[in-house]
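Asker: Data: final25.txt, compact mmCIF, C-alpha atoms.
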# COMPACT_ATOMS: atom_id res chain seq x y z
CA MET A 1 -103.09 108.36 -95.58
CA LYS A 2 -101.08 105.27 -96.34
CA SER A 3 -101.76 102.21 -94.25
CA GLY A 4 -101.05 98.51 -94.04
CA TYR A 5 -97.51 98.83 -92.70
CA HIS A 6 -96.20 95.67 -91.16
CA HIS A 7 -95.23 96.24 -87.55
CA GLY A 8 -91.43 96.24 -88.08
CA ASP A 9 -91.74 98.18 -91.32
CA LEU A 10 -93.65 101.00 -89.69
CA ARG A 11 -91.07 101.30 -86.93
CA ALA A 12 -88.29 101.47 -89.51
CA ALA A 13 -90.26 104.00 -91.57
CA LEU A 14 -90.84 106.19 -88.50
CA LEU A 15 -87.13 106.14 -87.65
CA GLU A 16 -86.23 106.96 -91.23
CA ALA A 17 -88.70 109.87 -91.23
CA GLY A 18 -87.32 111.06 -87.89
CA LEU A 19 -83.78 111.03 -89.25
CA THR A 20 -84.89 112.92 -92.36
CA LEU A 21 -86.60 115.55 -90.22
CA LEU A 22 -83.48 115.85 -88.05
CA ALA A 23 -81.62 116.94 -91.16
CA GLU A 24 -83.80 120.08 -91.14
CA ARG A 25 -84.34 120.92 -87.51
CA THR A 26 -83.18 120.17 -83.98
CA ALA A 27 -84.48 117.29 -81.91
CA ASP A 28 -86.24 119.80 -79.62
CA ALA A 29 -88.27 121.07 -82.56
CA LEU A 30 -89.37 117.60 -83.63
CA SER A 31 -92.77 116.19 -82.67
CA LEU A 32 -94.24 112.70 -82.80
CA ARG A 33 -97.18 114.16 -84.73
CA GLU A 34 -94.86 115.48 -87.41
CA VAL A 35 -93.11 112.14 -87.78
CA ALA A 36 -96.51 110.47 -88.09
CA ARG A 37 -97.51 112.94 -90.79
CA ALA A 38 -94.27 112.39 -92.71
CA VAL A 39 -94.95 108.66 -92.84
CA GLY A 40 -98.66 109.13 -93.51
CA VAL A 41 -100.04 107.36 -90.45
CA SER A 42 -102.05 108.49 -87.45
CA ALA A 43 -100.47 109.58 -84.20
CA THR A 44 -102.16 106.57 -82.62
CA ALA A 45 -100.25 104.25 -84.93
CA VAL A 46 -97.02 105.90 -83.83
CA TYR A 47 -97.83 105.46 -80.14
CA ARG A 48 -97.84 101.71 -80.65
CA HIS A 49 -94.10 101.91 -81.33
CA PHE A 50 -93.10 105.00 -79.38
CA PRO A 51 -95.31 105.83 -76.40
CA ASP A 52 -93.83 109.32 -76.12
CA LYS A 53 -91.35 111.65 -77.75
CA ALA A 54 -88.57 110.51 -75.41
CA ALA A 55 -88.96 106.94 -76.67
CA LEU A 56 -88.66 108.05 -80.28
CA MET A 57 -85.63 110.23 -79.49
CA HIS A 58 -84.00 107.32 -77.69
CA ALA A 59 -84.51 105.07 -80.70
CA LEU A 60 -83.23 107.77 -83.07
CA ALA A 61 -80.13 108.24 -80.95
CA GLN A 62 -79.49 104.49 -80.98
CA GLU A 63 -79.93 104.35 -84.73
CA GLY A 64 -77.62 107.37 -85.03
CA LEU A 65 -74.95 105.64 -82.94
CA ARG A 66 -75.27 102.59 -85.16
CA ARG A 67 -74.79 104.69 -88.30
CA LEU A 68 -71.87 106.55 -86.74
CA ALA A 69 -70.15 103.25 -85.94
CA GLU A 70 -70.87 102.08 -89.48
CA ALA A 71 -69.30 105.23 -90.95
CA GLN A 72 -66.23 104.76 -88.76
CA ARG A 73 -65.93 101.10 -89.65
CA ALA A 74 -66.08 101.94 -93.37
CA ALA A 75 -63.45 104.67 -92.94
CA ALA A 76 -61.12 102.32 -91.03
CA ALA A 77 -61.44 99.67 -93.72
CA ALA A 78 -60.84 102.18 -96.51
CA ALA A 79 -57.65 103.35 -94.75
CA GLY A 80 -56.38 99.77 -94.50
CA GLY A 81 -56.82 99.37 -90.74
CA GLY A 82 -54.02 99.73 -88.20
CA ALA A 83 -52.93 103.16 -86.97
CA ALA A 84 -54.07 104.76 -90.24
CA GLY A 85 -57.46 103.13 -89.79
CA PHE A 86 -57.78 104.35 -86.19
CA SER A 87 -56.97 107.88 -87.29
CA ALA A 88 -59.49 107.55 -90.15
CA THR A 89 -62.24 106.63 -87.69
CA GLY A 90 -61.55 109.90 -85.88
CA ARG A 91 -61.95 111.96 -89.03
CA ALA A 92 -65.11 110.01 -89.89
CA TYR A 93 -66.53 110.86 -86.44
CA VAL A 94 -66.07 114.60 -86.99
CA ARG A 95 -67.40 114.44 -90.56
CA PHE A 96 -70.47 112.54 -89.33
CA ALA A 97 -71.07 115.31 -86.79
CA LEU A 98 -70.83 118.04 -89.42
CA ALA A 99 -73.07 116.15 -91.85
CA ASN A 100 -75.68 115.34 -89.16
CA PRO A 101 -75.51 118.10 -86.55
CA ALA A 102 -78.94 117.60 -84.96
CA LEU A 103 -78.55 113.83 -84.87
CA PHE A 104 -75.04 114.12 -83.44
CA ARG A 105 -76.28 116.44 -80.68
CA LEU A 106 -79.17 114.09 -80.01
CA ILE A 107 -76.76 111.18 -79.63
CA PHE A 108 -74.25 112.84 -77.34
CA ALA A 109 -75.75 115.91 -75.77
CA SER A 110 -79.36 115.15 -74.91
CA PRO A 111 -80.50 114.45 -71.38
CA GLY A 112 -81.87 110.93 -71.33
CA ALA A 113 -80.13 109.81 -74.51
CA PRO A 114 -78.43 106.43 -74.28
CA THR A 115 -74.79 106.98 -73.36
CA MET A 116 -71.91 105.01 -74.75
CA ALA A 117 -70.71 104.59 -71.17
CA GLN A 118 -73.94 103.00 -69.94
CA GLY A 119 -72.58 99.61 -70.87
CA GLY A 120 -74.47 97.04 -72.83
CA PRO A 121 -73.50 95.94 -76.31
CA HIS A 122 -73.18 99.41 -77.78
CA ASP A 123 -71.82 99.08 -81.25
CA ALA A 124 -69.95 102.38 -81.19
CA ALA A 125 -68.49 101.83 -77.72
CA THR A 126 -67.29 98.36 -78.61
CA PHE A 127 -65.81 99.66 -81.81
CA LEU A 128 -63.97 102.46 -79.99
CA HIS A 129 -62.65 100.04 -77.38
CA ASP A 130 -61.44 97.46 -79.89
CA ASN A 131 -59.80 100.12 -82.00
CA ALA A 132 -58.00 101.57 -79.00
CA ALA A 133 -56.87 98.10 -77.91
CA ALA A 134 -55.44 97.49 -81.38
CA GLN A 135 -53.20 100.56 -81.01
CA LEU A 136 -51.54 99.13 -77.90
CA PRO A 137 -49.18 96.18 -77.55
CA PRO A 138 -51.01 92.85 -77.28
CA GLY A 139 -52.06 92.15 -73.71
CA ALA A 140 -52.20 95.81 -72.66
CA ASP A 141 -54.32 96.15 -69.54
CA GLU A 142 -57.92 97.29 -69.76
CA ARG A 143 -57.18 100.51 -67.94
CA ALA A 144 -54.61 101.56 -70.52
CA VAL A 145 -57.02 100.66 -73.32
CA GLY A 146 -59.71 102.76 -71.66
CA ILE A 147 -57.41 105.77 -71.43
CA VAL A 148 -56.34 105.58 -75.09
CA ALA A 149 -60.00 105.22 -76.08
CA LEU A 150 -61.02 108.23 -73.98
CA GLN A 151 -58.19 110.39 -75.29
CA ALA A 152 -59.11 109.58 -78.89
CA TRP A 153 -62.82 110.07 -78.24
CA SER A 154 -62.25 113.38 -76.41
CA LEU A 155 -60.08 114.73 -79.22
CA VAL A 156 -62.57 114.06 -81.99
CA HIS A 157 -65.61 114.93 -79.87
CA GLY A 158 -64.05 118.26 -78.92
CA LEU A 159 -63.17 119.11 -82.51
CA ALA A 160 -66.71 118.20 -83.60
CA MET A 161 -68.37 120.29 -80.88
CA LEU A 162 -66.12 123.31 -81.42
CA MET A 163 -67.02 123.20 -85.12
CA LEU A 164 -70.75 122.62 -84.53
CA ASP A 165 -70.86 125.46 -82.00
CA GLY A 166 -69.11 127.86 -84.36
CA GLN A 167 -66.00 128.27 -82.20
CA ILE A 168 -63.81 127.27 -85.12
CA GLU A 169 -64.61 127.08 -88.79
CA ALA A 170 -66.41 123.88 -89.81
CA GLU A 171 -64.02 123.46 -92.68
CA ASP A 172 -63.44 119.99 -94.03
CA ALA A 173 -59.72 120.49 -94.73
CA LEU A 174 -59.21 121.57 -91.12
CA ILE A 175 -60.29 118.11 -89.95
CA ASP A 176 -57.36 116.57 -91.84
CA ARG A 177 -54.96 119.14 -90.41
CA VAL A 178 -56.01 118.61 -86.80
CA LEU A 179 -56.33 114.81 -87.21
CA PRO A 180 -53.63 114.08 -89.75
CA PRO A 181 -53.87 110.86 -91.79
CA GLU A 182 -50.19 110.13 -91.16
CA PRO A 183 -48.99 109.69 -87.56
CA GLN A 184 -46.91 112.74 -86.64
CA MET B 185 -84.21 148.17 -52.80
CA LYS B 186 -80.60 149.20 -52.66
CA SER B 187 -79.60 152.14 -54.78
CA GLY B 188 -76.80 154.59 -55.38
CA TYR B 189 -74.56 152.20 -57.34
CA HIS B 190 -71.87 153.95 -59.30
CA HIS B 191 -72.15 153.12 -62.98
CA GLY B 192 -69.21 150.69 -63.16
CA ASP B 193 -70.05 149.16 -59.79
CA LEU B 194 -73.59 148.29 -60.83
CA ARG B 195 -72.35 146.63 -64.01
CA ALA B 196 -69.88 144.56 -61.98
CA ALA B 197 -72.56 143.70 -59.42
CA LEU B 198 -74.95 142.59 -62.18
CA LEU B 199 -72.29 140.34 -63.70
CA GLU B 200 -71.46 138.88 -60.32
CA ALA B 201 -75.15 138.20 -59.66
CA GLY B 202 -75.48 136.64 -63.11
CA LEU B 203 -72.55 134.34 -62.45
CA THR B 204 -73.98 133.36 -59.07
CA LEU B 205 -77.34 132.55 -60.66
CA LEU B 206 -75.57 130.50 -63.36
CA ALA B 207 -74.29 128.25 -60.59
CA GLU B 208 -77.91 127.21 -59.98
CA ARG B 209 -79.53 127.16 -63.40
CA THR B 210 -78.82 127.24 -67.12
CA ALA B 211 -78.39 130.43 -69.09
CA ASP B 212 -81.72 129.76 -70.84
CA ALA B 213 -83.51 129.84 -67.50
CA LEU B 214 -81.95 133.16 -66.47
CA SER B 215 -83.80 136.46 -66.87
CA LEU B 216 -82.68 140.09 -66.69
CA ARG B 217 -85.45 140.67 -64.16
CA GLU B 218 -84.04 137.99 -61.89
CA VAL B 219 -80.55 139.45 -62.06
CA ALA B 220 -82.01 142.87 -61.23
CA ARG B 221 -83.82 141.40 -58.23
CA ALA B 222 -80.67 139.66 -56.99
CA VAL B 223 -78.81 142.98 -56.98
CA GLY B 224 -81.77 144.90 -55.60
CA VAL B 225 -82.27 147.36 -58.45
CA SER B 226 -85.08 147.93 -60.94
CA ALA B 227 -85.16 146.31 -64.35
CA THR B 228 -84.83 149.82 -65.79
CA ALA B 229 -81.50 150.27 -64.04
CA VAL B 230 -80.30 147.02 -65.62
CA TYR B 231 -81.34 148.11 -69.12
CA ARG B 232 -78.88 151.01 -68.88
CA HIS B 233 -76.06 148.45 -68.87
CA PHE B 234 -77.63 145.57 -70.76
CA PRO B 235 -80.36 146.52 -73.23
CA ASP B 236 -81.51 142.90 -73.53
CA LYS B 237 -80.80 139.43 -72.25
CA ALA B 238 -78.42 138.70 -75.13
CA ALA B 239 -76.23 141.64 -74.08
CA LEU B 240 -76.03 140.35 -70.51
CA MET B 241 -75.27 136.79 -71.72
CA HIS B 242 -72.53 138.13 -73.98
CA ALA B 243 -70.94 140.00 -71.09
CA LEU B 244 -71.24 136.95 -68.82
CA ALA B 245 -69.58 134.77 -71.46
CA GLN B 246 -66.74 137.26 -71.80
CA GLU B 247 -66.28 137.40 -68.05
CA GLY B 248 -66.38 133.59 -67.99
CA LEU B 249 -63.66 133.38 -70.65
CA ARG B 250 -61.57 135.80 -68.63
CA ARG B 251 -61.92 133.66 -65.50
CA LEU B 252 -61.20 130.49 -67.44
CA ALA B 253 -57.97 132.01 -68.79
CA GLU B 254 -57.11 133.14 -65.26
CA ALA B 255 -57.63 129.61 -63.90
CA GLN B 256 -55.45 128.19 -66.65
CA ARG B 257 -52.74 130.77 -66.08
CA ALA B 258 -52.68 129.97 -62.37
CA ALA B 259 -52.49 126.23 -63.10
CA ALA B 260 -49.63 126.70 -65.57
CA ALA B 261 -47.69 128.80 -63.07
CA ALA B 262 -48.28 126.28 -60.26
CA ALA B 263 -46.95 123.49 -62.51
CA GLY B 264 -43.80 125.47 -63.23
CA GLY B 265 -44.61 126.31 -66.88
CA GLY B 266 -43.19 124.45 -69.86
CA ALA B 267 -44.74 121.18 -71.02
CA ALA B 268 -45.99 120.44 -67.49
CA GLY B 269 -47.61 123.87 -67.43
CA PHE B 270 -49.31 123.35 -70.79
CA SER B 271 -50.71 120.05 -69.64
CA ALA B 272 -51.85 121.69 -66.37
CA THR B 273 -53.82 124.30 -68.34
CA GLY B 274 -55.70 121.46 -70.01
CA ARG B 275 -56.70 119.90 -66.72
CA ALA B 276 -57.68 123.34 -65.41
CA TYR B 277 -59.95 123.81 -68.45
CA VAL B 278 -61.85 120.59 -67.75
CA ARG B 279 -62.08 121.31 -64.01
CA PHE B 280 -63.43 124.79 -64.76
CA ALA B 281 -66.11 123.20 -66.96
CA LEU B 282 -67.16 120.75 -64.23
CA ALA B 283 -67.19 123.48 -61.57
CA ASN B 284 -69.16 125.92 -63.77
CA PRO B 285 -71.26 123.85 -66.18
CA ALA B 286 -73.83 126.49 -67.12
CA LEU B 287 -71.17 129.18 -67.53
CA PHE B 288 -68.99 126.84 -69.57
CA ARG B 289 -71.90 126.02 -71.89
CA LEU B 290 -72.73 129.70 -72.16
CA ILE B 291 -69.14 130.46 -73.18
CA PHE B 292 -68.73 127.75 -75.76
CA ALA B 293 -72.08 126.42 -76.83
CA SER B 294 -74.50 129.34 -77.06
CA PRO B 295 -75.56 130.81 -80.37
CA GLY B 296 -74.40 134.40 -80.40
CA ALA B 297 -71.79 133.97 -77.69
CA PRO B 298 -68.42 135.53 -78.47
CA THR B 299 -66.19 132.88 -80.00
CA MET B 300 -62.51 132.50 -79.31
CA ALA B 301 -62.02 132.32 -83.07
CA GLN B 302 -63.69 135.66 -83.77
CA GLY B 303 -60.37 137.38 -83.34
CA GLY B 304 -59.82 140.42 -81.21
CA PRO B 305 -57.72 140.45 -78.09
CA HIS B 306 -59.36 137.46 -76.47
CA ASP B 307 -57.47 136.63 -73.36
CA ALA B 308 -58.17 132.91 -73.53
CA ALA B 309 -57.37 132.64 -77.25
CA THR B 310 -54.09 134.52 -76.83
CA PHE B 311 -53.21 132.36 -73.88
CA LEU B 312 -53.93 129.15 -75.82
CA HIS B 313 -51.90 130.36 -78.79
CA ASP B 314 -48.90 131.43 -76.73
CA ASN B 315 -48.93 128.20 -74.79
CA ALA B 316 -49.05 126.14 -77.98
CA ALA B 317 -46.22 128.19 -79.49
CA ALA B 318 -44.11 127.52 -76.41
CA GLN B 319 -44.42 123.76 -76.98
CA LEU B 320 -42.85 124.04 -80.45
CA PRO B 321 -39.28 124.88 -81.44
CA PRO B 322 -38.64 128.64 -81.57
CA GLY B 323 -39.68 130.09 -84.92
CA ALA B 324 -42.26 127.39 -85.68
CA ASP B 325 -44.67 128.66 -88.32
CA GLU B 326 -48.05 130.02 -87.35
CA ARG B 327 -49.88 127.19 -89.05
CA ALA B 328 -48.09 124.59 -86.94
CA VAL B 329 -48.82 126.60 -83.80
CA GLY B 330 -52.49 126.79 -84.78
CA ILE B 331 -52.69 123.02 -85.22
CA VAL B 332 -51.07 122.25 -81.86
CA ALA B 333 -53.41 124.76 -80.22
CA LEU B 334 -56.47 123.22 -81.88
CA GLN B 335 -55.45 119.67 -80.98
CA ALA B 336 -54.96 120.64 -77.34
CA TRP B 337 -58.21 122.62 -77.23
CA SER B 338 -60.19 119.84 -78.92
CA LEU B 339 -58.88 117.24 -76.48
CA VAL B 340 -59.81 119.15 -73.34
CA HIS B 341 -63.06 120.51 -74.79
CA GLY B 342 -64.15 117.03 -75.79
CA LEU B 343 -63.36 115.58 -72.38
CA ALA B 344 -65.24 118.44 -70.71
CA MET B 345 -68.32 118.04 -72.93
CA LEU B 346 -68.43 114.24 -72.60
CA MET B 347 -68.34 114.65 -68.81
CA LEU B 348 -70.89 117.49 -68.74
CA ASP B 349 -73.26 115.55 -71.00
CA GLY B 350 -73.00 112.42 -68.85
CA GLN B 351 -71.32 110.29 -71.52
CA ILE B 352 -68.49 109.48 -69.15
CA GLU B 353 -68.28 109.88 -65.41
CA ALA B 354 -67.44 113.43 -64.31
CA GLU B 355 -64.81 112.06 -61.97
CA ASP B 356 -61.94 114.29 -60.97
CA ALA B 357 -59.32 111.51 -60.97
CA LEU B 358 -60.30 110.59 -64.53
CA ILE B 359 -59.16 114.03 -65.70
CA ASP B 360 -55.62 113.25 -64.51
CA ARG B 361 -55.70 109.85 -66.18
CA VAL B 362 -56.84 111.17 -69.56
CA LEU B 363 -54.63 114.27 -69.37
CA PRO B 364 -51.63 112.97 -67.43
CA PRO B 365 -49.39 115.47 -65.61
CA GLU B 366 -46.30 113.77 -67.01
CA PRO B 367 -45.83 113.58 -70.79
CA GLN B 368 -46.32 109.96 -71.85
Render the structure in this file as structure tokens.

Answerer:
Amino acid sequence: MKSGYHHGDLRAALLEAGLTLLAERTADALSLREVARAVGVSATAVYRHFPDKAALMHALAQEGLRRLAEAQRAAAAAAGGGAAGFSATGRAYVRFALANPALFRLIFASPGAPTMAQGGPHDAATFLHDNAAAQLPPGADERAVGIVALQAWSLVHGLAMLMLDGQIEAEDALIDRVLPPEPQ
Amino acid sequence: MKSGYHHGDLRAALLEAGLTLLAERTADALSLREVARAVGVSATAVYRHFPDKAALMHALAQEGLRRLAEAQRAAAAAAGGGAAGFSATGRAYVRFALANPALFRLIFASPGAPTMAQGGPHDAATFLHDNAAAQLPPGADERAVGIVALQAWSLVHGLAMLMLDGQIEAEDALIDRVLPPEPQ
């Protein structure tokens, strides 16, 4: 058993271990005990940070949302921003889902997970909103921004879920065809 | 116990009972025994039609797909066909999901469920394809039709899943705002 983690370090290590385990199994199949074992600490040490499994899942979902927003931000920058950047964030969303299926489902399809709509300074929600606003003429009203954001989110979320659920082939090239880099 | 069902009638009655039970609980929580009880026959009588739970779920998903296609067809006809009709089928898809959450999840998000992509004369898949083709100039190539169909499907599937999973409010008026009746 390792020991001597600083408080913040252990929390970060537990999240990292949780994310690693989510690469191999679903969130349902994950236990606090297993995460403790992966980090080499006792279950009691884990409880100090996450009193129950729901608390750990909530933190993993938040960290997942943060990484998703980061991936989208990087894709937008690489595409040079603007309309091309907005479209690139959509492709990055679907690719993130395919690369991290259990984490993606935990973020968006778990009862009790934090929702992007629940308000608060959600990185991913803010990013989606600002991106949508940038596609509209300056001064567009909030309602119009919200609709553009929801249309874009629905499109990429639907494509991701249909691929994750095996309804259509999870083929990388198909992402570019359905969400073309160039505006049509 | 009722008895004396004709073969085809019992199958239909079992499906109907399964669909009714899916209005109250998820597919996971449904058992063959319970469906048998709802119809008033023995589990043995059920096994003649559905050897295991997976077989019943498969049949329920197929029946669900058929009803979904029917709802979309009715919506398209009521909207007068054309572009307005295509858009109406999208709104009907999301409304079907909200009205039948467990059935919708069974159709599209269950391992082992029949997929629209698996080929075969799937009513809903054919309907989606033909509708997409009708939005393009006559003689458009199959690849272009496939992309339009996938974009439309992704959009409505994503909106449905985000609403079912509580990411955005499952509000009827929001469906019309995200999928407007009039082309924008």

Asker: I'd like the interatomic distance between atom CA of Leu98 of chain A and atom CA of Ile352 of chain B, to a tenth of an Å.

Answerer: 22.1 Å

Asker: All Cα atoms, paired in order, least squares: that's the fit I need for chain B onto chain A, output as a compact mmCIF listing (two decimals) with C-alpha atoms, in the frame of the given file.

Answerer:
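Final output, saved to part_0.txt:
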# COMPACT_ATOMS: atom_id res chain seq x y z
CA MET B 185 -103.10 108.33 -95.58
CA LYS B 186 -101.05 105.27 -96.32
CA SER B 187 -101.75 102.22 -94.24
CA GLY B 188 -101.07 98.52 -94.01
CA TYR B 189 -97.51 98.83 -92.67
CA HIS B 190 -96.21 95.65 -91.14
CA HIS B 191 -95.21 96.22 -87.54
CA GLY B 192 -91.43 96.24 -88.08
CA ASP B 193 -91.73 98.18 -91.33
CA LEU B 194 -93.66 101.01 -89.70
CA ARG B 195 -91.08 101.30 -86.93
CA ALA B 196 -88.30 101.49 -89.52
CA ALA B 197 -90.26 104.01 -91.58
CA LEU B 198 -90.84 106.19 -88.51
CA LEU B 199 -87.13 106.15 -87.67
CA GLU B 200 -86.22 106.99 -91.24
CA ALA B 201 -88.70 109.88 -91.23
CA GLY B 202 -87.32 111.06 -87.90
CA LEU B 203 -83.79 111.05 -89.25
CA THR B 204 -84.88 112.93 -92.36
CA LEU B 205 -86.61 115.57 -90.22
CA LEU B 206 -83.48 115.86 -88.05
CA ALA B 207 -81.62 116.98 -91.16
CA GLU B 208 -83.81 120.11 -91.14
CA ARG B 209 -84.35 120.93 -87.49
CA THR B 210 -83.17 120.17 -83.97
CA ALA B 211 -84.48 117.30 -81.91
CA ASP B 212 -86.24 119.80 -79.61
CA ALA B 213 -88.27 121.09 -82.54
CA LEU B 214 -89.38 117.60 -83.62
CA SER B 215 -92.77 116.19 -82.66
CA LEU B 216 -94.25 112.68 -82.80
CA ARG B 217 -97.18 114.15 -84.72
CA GLU B 218 -94.85 115.49 -87.39
CA VAL B 219 -93.11 112.15 -87.78
CA ALA B 220 -96.52 110.48 -88.09
CA ARG B 221 -97.52 112.96 -90.79
CA ALA B 222 -94.29 112.41 -92.71
CA VAL B 223 -94.97 108.67 -92.85
CA GLY B 224 -98.67 109.14 -93.51
CA VAL B 225 -100.06 107.35 -90.46
CA SER B 226 -102.07 108.51 -87.45
CA ALA B 227 -100.47 109.59 -84.21
CA THR B 228 -102.16 106.56 -82.62
CA ALA B 229 -100.26 104.24 -84.93
CA VAL B 230 -97.02 105.89 -83.83
CA TYR B 231 -97.83 105.47 -80.13
CA ARG B 232 -97.84 101.69 -80.63
CA HIS B 233 -94.11 101.90 -81.35
CA PHE B 234 -93.12 104.99 -79.39
CA PRO B 235 -95.31 105.80 -76.40
CA ASP B 236 -93.85 109.31 -76.13
CA LYS B 237 -91.37 111.64 -77.75
CA ALA B 238 -88.57 110.51 -75.43
CA ALA B 239 -88.97 106.93 -76.67
CA LEU B 240 -88.68 108.04 -80.29
CA MET B 241 -85.64 110.23 -79.49
CA HIS B 242 -83.99 107.32 -77.70
CA ALA B 243 -84.51 105.07 -80.70
CA LEU B 244 -83.24 107.77 -83.08
CA ALA B 245 -80.12 108.24 -80.95
CA GLN B 246 -79.49 104.50 -80.98
CA GLU B 247 -79.93 104.35 -84.74
CA GLY B 248 -77.62 107.37 -85.03
CA LEU B 249 -74.94 105.64 -82.95
CA ARG B 250 -75.27 102.59 -85.16
CA ARG B 251 -74.77 104.68 -88.31
CA LEU B 252 -71.87 106.55 -86.76
CA ALA B 253 -70.14 103.25 -85.94
CA GLU B 254 -70.86 102.07 -89.48
CA ALA B 255 -69.29 105.22 -90.95
CA GLN B 256 -66.23 104.76 -88.77
CA ARG B 257 -65.92 101.10 -89.66
CA ALA B 258 -66.07 101.93 -93.36
CA ALA B 259 -63.44 104.66 -92.93
CA ALA B 260 -61.11 102.32 -91.02
CA ALA B 261 -61.44 99.65 -93.69
CA ALA B 262 -60.83 102.16 -96.51
CA ALA B 263 -57.65 103.33 -94.74
CA GLY B 264 -56.38 99.77 -94.49
CA GLY B 265 -56.83 99.38 -90.71
CA GLY B 266 -54.03 99.72 -88.18
CA ALA B 267 -52.92 103.15 -86.97
CA ALA B 268 -54.07 104.75 -90.25
CA GLY B 269 -57.46 103.12 -89.77
CA PHE B 270 -57.78 104.36 -86.19
CA SER B 271 -56.97 107.88 -87.28
CA ALA B 272 -59.48 107.55 -90.16
CA THR B 273 -62.24 106.63 -87.68
CA GLY B 274 -61.55 109.90 -85.88
CA ARG B 275 -61.95 111.96 -89.02
CA ALA B 276 -65.10 110.00 -89.89
CA TYR B 277 -66.53 110.86 -86.45
CA VAL B 278 -66.07 114.60 -87.00
CA ARG B 279 -67.40 114.44 -90.57
CA PHE B 280 -70.47 112.54 -89.35
CA ALA B 281 -71.07 115.31 -86.79
CA LEU B 282 -70.84 118.05 -89.44
CA ALA B 283 -73.08 116.14 -91.85
CA ASN B 284 -75.68 115.34 -89.16
CA PRO B 285 -75.51 118.10 -86.55
CA ALA B 286 -78.93 117.61 -84.96
CA LEU B 287 -78.54 113.83 -84.88
CA PHE B 288 -75.04 114.13 -83.45
CA ARG B 289 -76.29 116.44 -80.68
CA LEU B 290 -79.18 114.10 -80.01
CA ILE B 291 -76.76 111.18 -79.64
CA PHE B 292 -74.26 112.84 -77.37
CA ALA B 293 -75.74 115.91 -75.78
CA SER B 294 -79.36 115.16 -74.90
CA PRO B 295 -80.46 114.46 -71.36
CA GLY B 296 -81.84 110.95 -71.31
CA ALA B 297 -80.11 109.82 -74.48
CA PRO B 298 -78.41 106.44 -74.25
CA THR B 299 -74.77 106.99 -73.35
CA MET B 300 -71.89 105.01 -74.74
CA ALA B 301 -70.70 104.59 -71.16
CA GLN B 302 -73.93 103.01 -69.94
CA GLY B 303 -72.59 99.62 -70.87
CA GLY B 304 -74.49 97.06 -72.85
CA PRO B 305 -73.51 95.93 -76.30
CA HIS B 306 -73.17 99.38 -77.78
CA ASP B 307 -71.81 99.05 -81.24
CA ALA B 308 -69.96 102.35 -81.19
CA ALA B 309 -68.49 101.81 -77.72
CA THR B 310 -67.28 98.32 -78.62
CA PHE B 311 -65.81 99.63 -81.82
CA LEU B 312 -63.97 102.44 -80.00
CA HIS B 313 -62.64 100.03 -77.39
CA ASP B 314 -61.44 97.45 -79.90
CA ASN B 315 -59.79 100.10 -82.02
CA ALA B 316 -57.99 101.56 -79.01
CA ALA B 317 -56.86 98.08 -77.92
CA ALA B 318 -55.43 97.48 -81.38
CA GLN B 319 -53.19 100.55 -81.02
CA LEU B 320 -51.53 99.11 -77.90
CA PRO B 321 -49.18 96.15 -77.54
CA PRO B 322 -51.04 92.83 -77.28
CA GLY B 323 -52.10 92.13 -73.70
CA ALA B 324 -52.21 95.79 -72.66
CA ASP B 325 -54.33 96.15 -69.53
CA GLU B 326 -57.91 97.29 -69.75
CA ARG B 327 -57.19 100.52 -67.93
CA ALA B 328 -54.60 101.55 -70.51
CA VAL B 329 -57.01 100.66 -73.32
CA GLY B 330 -59.71 102.76 -71.65
CA ILE B 331 -57.41 105.77 -71.44
CA VAL B 332 -56.33 105.58 -75.09
CA ALA B 333 -59.98 105.22 -76.09
CA LEU B 334 -61.01 108.22 -73.99
CA GLN B 335 -58.18 110.39 -75.30
CA ALA B 336 -59.10 109.58 -78.89
CA TRP B 337 -62.82 110.10 -78.26
CA SER B 338 -62.24 113.38 -76.42
CA LEU B 339 -60.08 114.73 -79.23
CA VAL B 340 -62.57 114.05 -82.00
CA HIS B 341 -65.61 114.95 -79.88
CA GLY B 342 -64.05 118.26 -78.93
CA LEU B 343 -63.18 119.11 -82.51
CA ALA B 344 -66.72 118.20 -83.60
CA MET B 345 -68.37 120.29 -80.88
CA LEU B 346 -66.12 123.33 -81.44
CA MET B 347 -67.02 123.21 -85.14
CA LEU B 348 -70.75 122.62 -84.54
CA ASP B 349 -70.89 125.46 -82.01
CA GLY B 350 -69.13 127.87 -84.37
CA GLN B 351 -66.02 128.28 -82.22
CA ILE B 352 -63.82 127.28 -85.13
CA GLU B 353 -64.62 127.09 -88.80
CA ALA B 354 -66.42 123.89 -89.80
CA GLU B 355 -64.02 123.46 -92.68
CA ASP B 356 -63.45 119.99 -94.05
CA ALA B 357 -59.72 120.49 -94.73
CA LEU B 358 -59.21 121.58 -91.12
CA ILE B 359 -60.30 118.12 -89.95
CA ASP B 360 -57.36 116.58 -91.84
CA ARG B 361 -54.97 119.15 -90.42
CA VAL B 362 -56.02 118.62 -86.80
CA LEU B 363 -56.34 114.84 -87.19
CA PRO B 364 -53.63 114.09 -89.75
CA PRO B 365 -53.85 110.86 -91.78
CA GLU B 366 -50.19 110.14 -91.11
CA PRO B 367 -49.01 109.74 -87.51
CA GLN B 368 -46.90 112.78 -86.62

Asker: Could the residues of chain A within 9 Å of chain B, counting all atoms listed in the file, be given as a ChimeraX atom specification, please?

Answerer: /A:108-111,114-118,147-148,150-162,164-169,174,177-179

Asker: So which residues are close to (-71.2, 127.4, -61.2), meaning at most 7 Å away in the file's coordinates with all atoms listed in the file counted, and can you show them as a list in words?

Answerer: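 Those residues lying close to the given coordinates are Thr204, Leu206, Ala207, Glu208, Ala283, Asn284, Pro285, Ala286 and Leu287 of chain B.
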
Asker: Go ahead and compute the interatomic distance for atom CA of Phe280 of chain B and atom CA of Gln256 of chain B, in Å to one decimal.

Answerer: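 About the pair atom CA of Phe280 of chain B and atom CA of Gln256 of chain B: they are 8.9 Å apart.
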